[in-house]
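Raw run.pdb, PDB, C-alpha atoms, pLDDT in the B column:
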MODEL        1
ATOM      1  CA  MET A1267      -2.070   3.026 -16.705  1.00 49.00           C
ATOM      2  CA  LYS A1268      -5.145   4.847 -17.937  1.00 54.00           C
ATOM      3  CA  GLY A1269      -7.406   2.771 -15.687  1.00 53.00           C
ATOM      4  CA  MET A1270      -5.086   3.296 -12.716  1.00 53.00           C
ATOM      5  CA  ARG A1271      -5.528   7.069 -12.820  1.00 53.00           C
ATOM      6  CA  ASN A1272      -9.244   6.583 -12.293  1.00 54.00           C
ATOM      7  CA  PHE A1273      -8.770   3.985  -9.564  1.00 52.00           C
ATOM      8  CA  VAL A1274      -6.338   5.763  -7.221  1.00 52.00           C
ATOM      9  CA  PRO A1275      -8.235   9.018  -6.488  1.00 50.00           C
ATOM     10  CA  ASN A1276     -11.292   7.053  -5.407  1.00 59.00           C
ATOM     11  CA  LEU A1277      -9.376   5.146  -2.740  1.00 65.00           C
ATOM     12  CA  SER A1278      -6.777   7.375  -1.189  1.00 64.00           C
ATOM     13  CA  GLU A1279      -7.444  10.299   1.142  1.00 68.00           C
ATOM     14  CA  ARG A1280      -3.790  11.375   0.927  1.00 72.00           C
ATOM     15  CA  PRO A1281      -1.129  11.980  -1.732  1.00 82.00           C
ATOM     16  CA  VAL A1282      -0.024   8.822  -3.542  1.00 87.00           C
ATOM     17  CA  ASN A1283       3.642   8.698  -4.582  1.00 89.00           C
ATOM     18  CA  SER A1284       3.813   5.092  -5.696  1.00 91.00           C
ATOM     19  CA  ALA A1285       1.550   2.203  -6.620  1.00 91.00           C
ATOM     20  CA  CYS A1286       2.146  -1.376  -7.667  1.00 93.00           C
ATOM     21  CA  ILE A1287      -0.013  -4.301  -8.665  1.00 94.00           C
ATOM     22  CA  SER A1288       0.402  -7.796  -7.259  1.00 94.00           C
ATOM     23  CA  PRO A1289       1.830 -10.282  -9.766  1.00 95.00           C
ATOM     24  CA  THR A1290      -0.366 -13.086  -8.406  1.00 92.00           C
ATOM     25  CA  ARG A1291      -3.616 -11.508  -7.168  1.00 91.00           C
ATOM     26  CA  ASP A1292      -6.109  -8.729  -7.961  1.00 91.00           C
ATOM     27  CA  HIS A1293      -4.466  -6.442  -5.403  1.00 91.00           C
ATOM     28  CA  VAL A1294      -2.941  -3.000  -5.681  1.00 92.00           C
ATOM     29  CA  CYS A1295      -0.791  -1.268  -3.093  1.00 92.00           C
ATOM     30  CA  LEU A1296      -0.702   2.509  -2.683  1.00 92.00           C
ATOM     31  CA  GLY A1297       1.914   4.445  -0.750  1.00 90.00           C
ATOM     32  CA  GLY A1298       2.775   8.051  -0.123  1.00 85.00           C
ATOM     33  CA  GLY A1299       1.839  10.408   2.656  1.00 79.00           C
ATOM     34  CA  GLU A1300       1.823  14.077   3.398  1.00 72.00           C
ATOM     35  CA  ASP A1301       4.987  16.058   2.745  1.00 66.00           C
ATOM     36  CA  ALA A1302       7.265  15.508   5.757  1.00 58.00           C
ATOM     37  CA  MET A1303       7.668  19.273   6.235  1.00 61.00           C
ATOM     38  CA  GLN A1304       3.895  19.610   6.615  1.00 59.00           C
ATOM     39  CA  VAL A1305       3.690  17.217   9.571  1.00 52.00           C
ATOM     40  CA  THR A1306       6.808  18.073  11.579  1.00 55.00           C
ATOM     41  CA  GLN A1307       4.717  19.761  14.260  1.00 54.00           C
ATOM     42  CA  THR A1308       2.286  16.848  14.629  1.00 52.00           C
ATOM     43  CA  SER A1309       2.491  13.120  15.258  1.00 52.00           C
ATOM     44  CA  VAL A1310       3.926  10.745  12.665  1.00 47.00           C
ATOM     45  CA  SER A1311       0.506   9.123  12.220  1.00 50.00           C
ATOM     46  CA  ALA A1312      -0.835  12.440  10.919  1.00 55.00           C
ATOM     47  CA  GLY A1313       1.368  12.087   7.839  1.00 56.00           C
ATOM     48  CA  HIS A1314      -0.194   8.771   6.793  1.00 73.00           C
ATOM     49  CA  PHE A1315       3.218   7.251   6.048  1.00 85.00           C
ATOM     50  CA  GLU A1316       1.843   3.813   5.365  1.00 88.00           C
ATOM     51  CA  ALA A1317       1.269   1.403   2.510  1.00 90.00           C
ATOM     52  CA  LYS A1318      -2.293   0.224   1.954  1.00 91.00           C
ATOM     53  CA  ILE A1319      -3.389  -2.808  -0.027  1.00 91.00           C
ATOM     54  CA  TYR A1320      -6.739  -2.809  -1.817  1.00 91.00           C
ATOM     55  CA  HIS A1321      -8.629  -5.402  -3.792  1.00 89.00           C
ATOM     56  CA  MET A1322      -8.815  -4.051  -7.341  1.00 87.00           C
ATOM     57  CA  VAL A1323     -12.309  -5.375  -8.057  1.00 86.00           C
ATOM     58  CA  PHE A1324     -14.044  -4.649  -4.743  1.00 85.00           C
ATOM     59  CA  GLU A1325     -11.976  -1.485  -4.036  1.00 85.00           C
ATOM     60  CA  GLU A1326     -11.736  -2.461  -0.362  1.00 87.00           C
ATOM     61  CA  GLU A1327      -8.709  -1.829   1.815  1.00 88.00           C
ATOM     62  CA  PHE A1328      -7.752  -5.008   3.640  1.00 85.00           C
ATOM     63  CA  ALA A1329      -4.148  -4.479   4.771  1.00 86.00           C
ATOM     64  CA  ARG A1330      -1.992  -1.624   5.995  1.00 87.00           C
ATOM     65  CA  PHE A1331       1.747  -1.482   6.697  1.00 87.00           C
ATOM     66  CA  LYS A1332       3.088   1.181   9.024  1.00 86.00           C
ATOM     67  CA  GLY A1333       6.637   1.975  10.002  1.00 84.00           C
ATOM     68  CA  HIS A1334       7.982   4.751   7.784  1.00 87.00           C
ATOM     69  CA  PHE A1335       8.739   8.172   9.277  1.00 85.00           C
ATOM     70  CA  GLY A1336       8.361  10.008   5.989  1.00 86.00           C
ATOM     71  CA  PRO A1337       6.489   9.658   2.707  1.00 90.00           C
ATOM     72  CA  ILE A1338       6.769   6.358   0.831  1.00 91.00           C
ATOM     73  CA  ASN A1339       8.339   6.957  -2.567  1.00 92.00           C
ATOM     74  CA  THR A1340       8.688   3.481  -4.045  1.00 94.00           C
ATOM     75  CA  MET A1341       7.266   0.011  -3.610  1.00 94.00           C
ATOM     76  CA  THR A1342       7.325  -3.364  -5.279  1.00 95.00           C
ATOM     77  CA  TRP A1343       6.047  -6.897  -4.959  1.00 94.00           C
ATOM     78  CA  HIS A1344       8.370  -9.869  -5.339  1.00 95.00           C
ATOM     79  CA  ALA A1345       7.482 -11.937  -8.416  1.00 95.00           C
ATOM     80  CA  SER A1346       6.260 -14.753  -6.141  1.00 93.00           C
ATOM     81  CA  GLY A1347       3.689 -12.415  -4.568  1.00 92.00           C
ATOM     82  CA  THR A1348       4.787 -13.432  -1.061  1.00 92.00           C
ATOM     83  CA  ILE A1349       7.043 -10.467  -0.197  1.00 93.00           C
ATOM     84  CA  PHE A1350       6.483  -6.747  -0.493  1.00 91.00           C
ATOM     85  CA  ALA A1351       8.980  -3.880  -0.070  1.00 95.00           C
ATOM     86  CA  THR A1352       8.598  -0.115   0.409  1.00 95.00           C
ATOM     87  CA  GLY A1353      11.173   2.672   0.389  1.00 94.00           C
ATOM     88  CA  GLY A1354      10.665   6.084   1.909  1.00 92.00           C
ATOM     89  CA  GLU A1355      12.152   9.522   2.428  1.00 90.00           C
ATOM     90  CA  ASP A1356      13.195   8.385   5.896  1.00 90.00           C
ATOM     91  CA  GLY A1357      15.987   6.402   4.214  1.00 93.00           C
ATOM     92  CA  TYR A1358      14.619   2.988   5.147  1.00 93.00           C
ATOM     93  CA  VAL A1359      13.523   0.046   3.051  1.00 95.00           C
ATOM     94  CA  ARG A1360      10.876  -2.022   4.789  1.00 93.00           C
ATOM     95  CA  ILE A1361      10.317  -5.611   3.723  1.00 95.00           C
ATOM     96  CA  GLN A1362       7.073  -7.380   4.585  1.00 91.00           C
ATOM     97  CA  GLU A1363       6.616 -11.112   4.199  1.00 92.00           C
ATOM     98  CA  PHE A1364       2.986 -12.126   3.919  1.00 88.00           C
ATOM     99  CA  ASP A1365       1.688 -14.749   6.333  1.00 88.00           C
ATOM    100  CA  GLU A1366      -0.241 -17.905   5.509  1.00 87.00           C
ATOM    101  CA  ASP A1367      -3.574 -16.166   6.207  1.00 84.00           C
ATOM    102  CA  TYR A1368      -2.963 -13.785   3.299  1.00 81.00           C
ATOM    103  CA  LEU A1369      -1.466 -16.378   0.990  1.00 81.00           C
ATOM    104  CA  GLY A1370      -4.274 -18.875   1.538  1.00 81.00           C
ATOM    105  CA  PHE A1371      -7.193 -16.418   1.500  1.00 77.00           C
ATOM    106  CA  THR A1372      -9.704 -16.468  -1.362  1.00 76.00           C
ATOM    107  CA  TYR A1373     -12.780 -14.303  -1.878  1.00 72.00           C
ATOM    108  CA  ASP A1374     -16.188 -15.954  -1.995  1.00 72.00           C
ATOM    109  CA  PHE A1375     -18.186 -14.387  -4.805  1.00 65.00           C
TER     110      PHE A1375
ENDMDL
END
Mind converting the file's structure to structure tokens?
Amino acid sequence: MKGMRNFVPNLSERPVNSACISPTRDHVCLGGGEDAMQVTQTSVSAGHFEAKIYHMVFEEEFARFKGHFGPINTMTWHASGTIFATGGEDGYVRIQEFDEDYLGFTYDF
């Protein structure tokens, strides 16, 4: 994970609690958010309780999953690379199934 320590701070403007790498693509997902106690007086969006997917080579964010009401603490990709799950302090597990646009997309170099 030595390379990961250098990669994460350059991408995320908020605390990162969990990260995982796609088993089928050059993608990494970062999740976290501000401490829930810090954002109780503001809107949920202020806490950045979302998972973001970046291309590991181009370091570009290209997808974002919202829905948690507290920091994301864990995440994983299914071995097929078609499903992604996050778990947060709000007590929920959110499962995302990628659509055909994501699964069929390739970068033109």
Could you give me, as a ChimeraX atom specification, the residues within 7 Å of A:Glu1355, counting all atoms listed in the file and dropping anything in the same chain fewer than 4 positions from it?
/A:1336-1339
Translate the PyMOL selection byres ((chain A and resi 1293) around 7) into a concrete residue list for this structure, as a ChimeraX atom specification.
/A:1287-1288,1291-1292,1294-1295,1319-1322
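Residue nearest A:Trp1343 within the list A:Glu1363, A:Glu1326, A:Glu1300, A:Glu1316: A:Glu1363 [criterion: smallest interatomic distance, all atoms listed in the file].
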Name all residues at most 7 Å from A:Phe1364 (count all atoms listed in the file; drop same-chain ones fewer than 3 positions away) and give them as JSON, numbers by chain.
{"A": [1348, 1349, 1368, 1369]}
When the PyMOL selection byres ((chain A and resi 1318) around 10) is applied to the structure above, which residues does it catch, written out as a PyMOL selection string?
chain A and resi 1277-1278+1285+1294-1298+1315-1317+1319-1320+1327-1332
Using only C-alpha atoms, please write the residues we just selected to a file, as a compact mmCIF listing (two decimals), in the frame of the given file.
# COMPACT_ATOMS: atom_id res chain seq x y z
CA LEU A 1277 -9.38 5.15 -2.74
CA SER A 1278 -6.78 7.38 -1.19
CA ALA A 1285 1.55 2.20 -6.62
CA VAL A 1294 -2.94 -3.00 -5.68
CA CYS A 1295 -0.79 -1.27 -3.09
CA LEU A 1296 -0.70 2.51 -2.68
CA GLY A 1297 1.91 4.44 -0.75
CA GLY A 1298 2.78 8.05 -0.12
CA PHE A 1315 3.22 7.25 6.05
CA GLU A 1316 1.84 3.81 5.36
CA ALA A 1317 1.27 1.40 2.51
CA ILE A 1319 -3.39 -2.81 -0.03
CA TYR A 1320 -6.74 -2.81 -1.82
CA GLU A 1327 -8.71 -1.83 1.82
CA PHE A 1328 -7.75 -5.01 3.64
CA ALA A 1329 -4.15 -4.48 4.77
CA ARG A 1330 -1.99 -1.62 6.00
CA PHE A 1331 1.75 -1.48 6.70
CA LYS A 1332 3.09 1.18 9.02
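Candidate residues A:Glu1325, A:His1334, A:Val1282, A:Pro1289 were compared for distance to A:Asp1356, and the nearest is A:His1334, using all atoms listed in the file.
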Taking 2 positions as the minimum chain separation for residues in the same chain, which residues sit within 6 Å of A:Thr1352 when counting all atoms listed in the file? Answer as a list of chain:residue names.
A:Thr1340, A:Met1341, A:Val1359, A:Arg1360
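Taking atom CA of A:Tyr1358 and atom CA of A:Thr1342 as endpoints, the distance between them is 14.2 Å.
We find atom CA of A:Val1323 and atom CA of A:Gly1354 to be spaced 27.5 Å apart.
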Point-to-point distance from atom CA of A:Ala1345 to atom CA of A:Cys1286, Å rounded to tenths:
11.9 Å
Could you tell me which of A:Gly1299, A:Phe1335, A:Phe1324, A:Thr1290 comes closest to A:Gly1357 if we count all atoms listed in the file?
A:Phe1335
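Between A:Gly1370 and the candidates A:Gly1333, A:Gly1347, A:His1314, A:Pro1281, the tightest atom-to-atom separation, counting all atoms listed in the file, involves A:Gly1347.
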